[in-house]
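Have a look at the structure below before the remarks.
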Amino acid sequence: MKHQYLATLGIVSLTVATAAQAAQSPDASTRLPEATASAAAEPTAQPVADPSQSTEVTSQTVSTSKKKWEFATLGYAWFAGAHGQTDVIGPLDPVGLDLPFGKVLKGLKFVFMGAAEARHDRFVILGDLMFIHLGTSKGIDIRNQDFIDAHLSSKTTEVTLMPGYRLIDQPEAKLDLLAGGRVNFFNTSLEVSGPNRELDGRVKQTWFDPLIGMRMIYPLGGKFSLSLYGDVGGFGIGSDLTWQAFGSVNYQINHKMTVGAGWRHFKVNYDHGDFLYDVYQTGPIITFRTVI
């Protein structure tokens, strides 16, 4: 019995010693924190993937915003004179036109000028509408010596539509290549009188001019930018030749409104039958652009 009691006591002591040694073992103390760290790390594994998903969503949002249609209107005041020659009465020589803006202003009956722009990603559409009703007896050069007085009345409507593609779309520069056309409506009458006789004539003409063009936009720093536009066309299909050039320095008032000041030159040379219109208009221009 005594030996059995000692053996039992020895087994119990050995078991207690082994448990104590195991509790003090570095491996055991290390395993528990590792398991705890692993368990704690598992919840943070999900947020690791979130930034990439967030970036993807952001890029998709930006891409979607670029694919939305953007619209803007452009009102402008063009202080242009008219110079050249026109032939309304077939038997007579063409009369010359020398109308600086002051004379044009005195003869204006009605005028409307406006433009619009639409853009979808890199696809752009530019449109322009100009209507001028002018009546004047000043600035008309009568080349036939039998006549000394003349009165010109004209209603001119020009509608331009230029779709295109934004070839360069960078913060430092934007470049649009354009191709479209312009429809011209002319309703002109001329009366000439002299000591011995009087003549009058009226011409209504409508024609289409195919056009190619380009527009460039350059930031100048701060809220200032430079806009340049030009087109050329006709090519004998409508006008023998028509072209225009426009440039302005712009100031952005806020994210929707921009004002600009510059110069516009517009030339039309159309010769068809008894009607000749070979005139250029040139002068300063003020623009008011509003994003819709």
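Order determines the names: the first chain of the structure tokens is A, the second B, and so forth; residues in each chain are numbered 1 upward, and ligands are numbered 1 upward as they are shown.
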Contact residues around A:Arg202 with only C-alpha atoms at 8 Å, ignoring same-chain residues under 3 positions, as a PyMOL selection string: chain A and resi 88-89+187-190
Per-residue nearest contacts of stretch 90-126 of chain A to stretch 166-185 of chain A (12 Å; only C-alpha atoms) as a Markdown table:
```
| residue | atom | partner | partner_atom | distance |
| --- | --- | --- | --- | --- |
| A:Ala118 | CA | A:Arg166 | CA | 11.9 |
| A:Arg119 | CA | A:Arg166 | CA | 9.2 |
| A:His120 | CA | A:Arg166 | CA | 9.9 |
| A:Asp121 | CA | A:Arg166 | CA | 8.4 |
| A:Arg122 | CA | A:Arg166 | CA | 4.8 |
| A:Phe123 | CA | A:Arg166 | CA | 6.3 |
| A:Val124 | CA | A:Arg166 | CA | 6.9 |
| A:Ile125 | CA | A:Leu178 | CA | 8.4 |
| A:Leu126 | CA | A:Leu178 | CA | 8.6 |
```
Please write the residues from the selection above to a file, keeping N, CA and C atoms, as a PDB file, in the first residue's frame.
```
ATOM      1  N   ALA A 118     -22.829  71.786 -78.185  1.00  0.00           N
ATOM      2  CA  ALA A 118     -23.145  70.540 -77.492  1.00  0.00           C
ATOM      3  C   ALA A 118     -21.923  69.634 -77.572  1.00  0.00           C
ATOM      4  N   ARG A 119     -21.685  68.887 -76.475  1.00  0.00           N
ATOM      5  CA  ARG A 119     -20.524  67.993 -76.463  1.00  0.00           C
ATOM      6  C   ARG A 119     -20.870  66.714 -75.716  1.00  0.00           C
ATOM      7  N   HIS A 120     -20.460  65.597 -76.302  1.00  0.00           N
ATOM      8  CA  HIS A 120     -20.637  64.279 -75.702  1.00  0.00           C
ATOM      9  C   HIS A 120     -19.307  63.548 -75.803  1.00  0.00           C
ATOM     10  N   ASP A 121     -18.587  63.490 -74.671  1.00  0.00           N
ATOM     11  CA  ASP A 121     -17.239  62.942 -74.664  1.00  0.00           C
ATOM     12  C   ASP A 121     -16.383  63.745 -75.656  1.00  0.00           C
ATOM     13  N   ARG A 122     -15.908  63.151 -76.744  1.00  0.00           N
ATOM     14  CA  ARG A 122     -15.084  63.882 -77.711  1.00  0.00           C
ATOM     15  C   ARG A 122     -15.885  64.357 -78.935  1.00  0.00           C
ATOM     16  N   PHE A 123     -17.154  64.042 -78.966  1.00  0.00           N
ATOM     17  CA  PHE A 123     -17.997  64.486 -80.076  1.00  0.00           C
ATOM     18  C   PHE A 123     -18.555  65.872 -79.763  1.00  0.00           C
ATOM     19  N   VAL A 124     -18.374  66.830 -80.673  1.00  0.00           N
ATOM     20  CA  VAL A 124     -18.824  68.206 -80.449  1.00  0.00           C
ATOM     21  C   VAL A 124     -19.696  68.655 -81.614  1.00  0.00           C
ATOM     22  N   ILE A 125     -20.627  69.568 -81.326  1.00  0.00           N
ATOM     23  CA  ILE A 125     -21.468  70.192 -82.346  1.00  0.00           C
ATOM     24  C   ILE A 125     -21.510  71.686 -82.062  1.00  0.00           C
ATOM     25  N   LEU A 126     -21.152  72.489 -83.041  1.00  0.00           N
ATOM     26  CA  LEU A 126     -21.229  73.938 -82.924  1.00  0.00           C
ATOM     27  C   LEU A 126     -22.289  74.449 -83.889  1.00  0.00           C
TER      28      LEU A 126
END
```
At a cut-off of 9 Å, using only C-alpha atoms, what residues contact stretch 103-115 of chain A? Leave out same-chain residues fewer than 6 positions from it and give the result as a list in words. Ala72, Thr73, Leu74, Gly75, Tyr76, Ala77, Trp78, Phe79, Ala80, Gly81, Ala82, Leu126, Gly127, Asp128, Leu129, Met130, Phe131, Ile132, His133, Leu134, Gly135, Thr136, Ser137, Lys138 and Gly139 of chain A
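For the set A:Ser193, A:Asn144, A:Gln85, A:Ser239, the residue with the smallest atom-to-atom gap to A:Tyr270 is A:Ser239, counting only C-alpha atoms.
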Report as a PyMOL selection string: the residues of stretch 41-221 of chain A with a DSSP assignment of strand (DSSP E), based on the backbone of this structure. chain A and resi 69-78+81-87+95-99+108-120+123-136+140-141+149-170+173-193+198-221
Selected residue of minimal separation from A:Thr282 among A:Ala245, A:Ile237, A:Leu152, A:Met214, counting only C-alpha atoms: A:Ala245
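Taking atom CA of A:Asp209 as the reference point, atom CA of A:Gly90 is found at 23.7 Å.
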Which polymer residues have any atom within 10 Å of an atom of A:Leu220, counting only C-alpha atoms, with same-chain residues fewer than 3 positions away left out, as a list in words? Glu172, Ile217, Lys223, Phe224, Ser225, Leu226, Val249, Asn250 and Tyr251 of chain A
Just want the 9 Å neighbourhood of A:Asp146, counted on only C-alpha atoms, with same-chain residues fewer than 3 positions away dropped. Output as a list in words. Arg143, Ser193, Gly194, Pro195, Asn196 and Arg197 of chain A
If you run DSSP on this backbone, which residues of stretch 54-216 of chain A come out as alpha helix (DSSP H), and could you give them as a count of residues only? 20
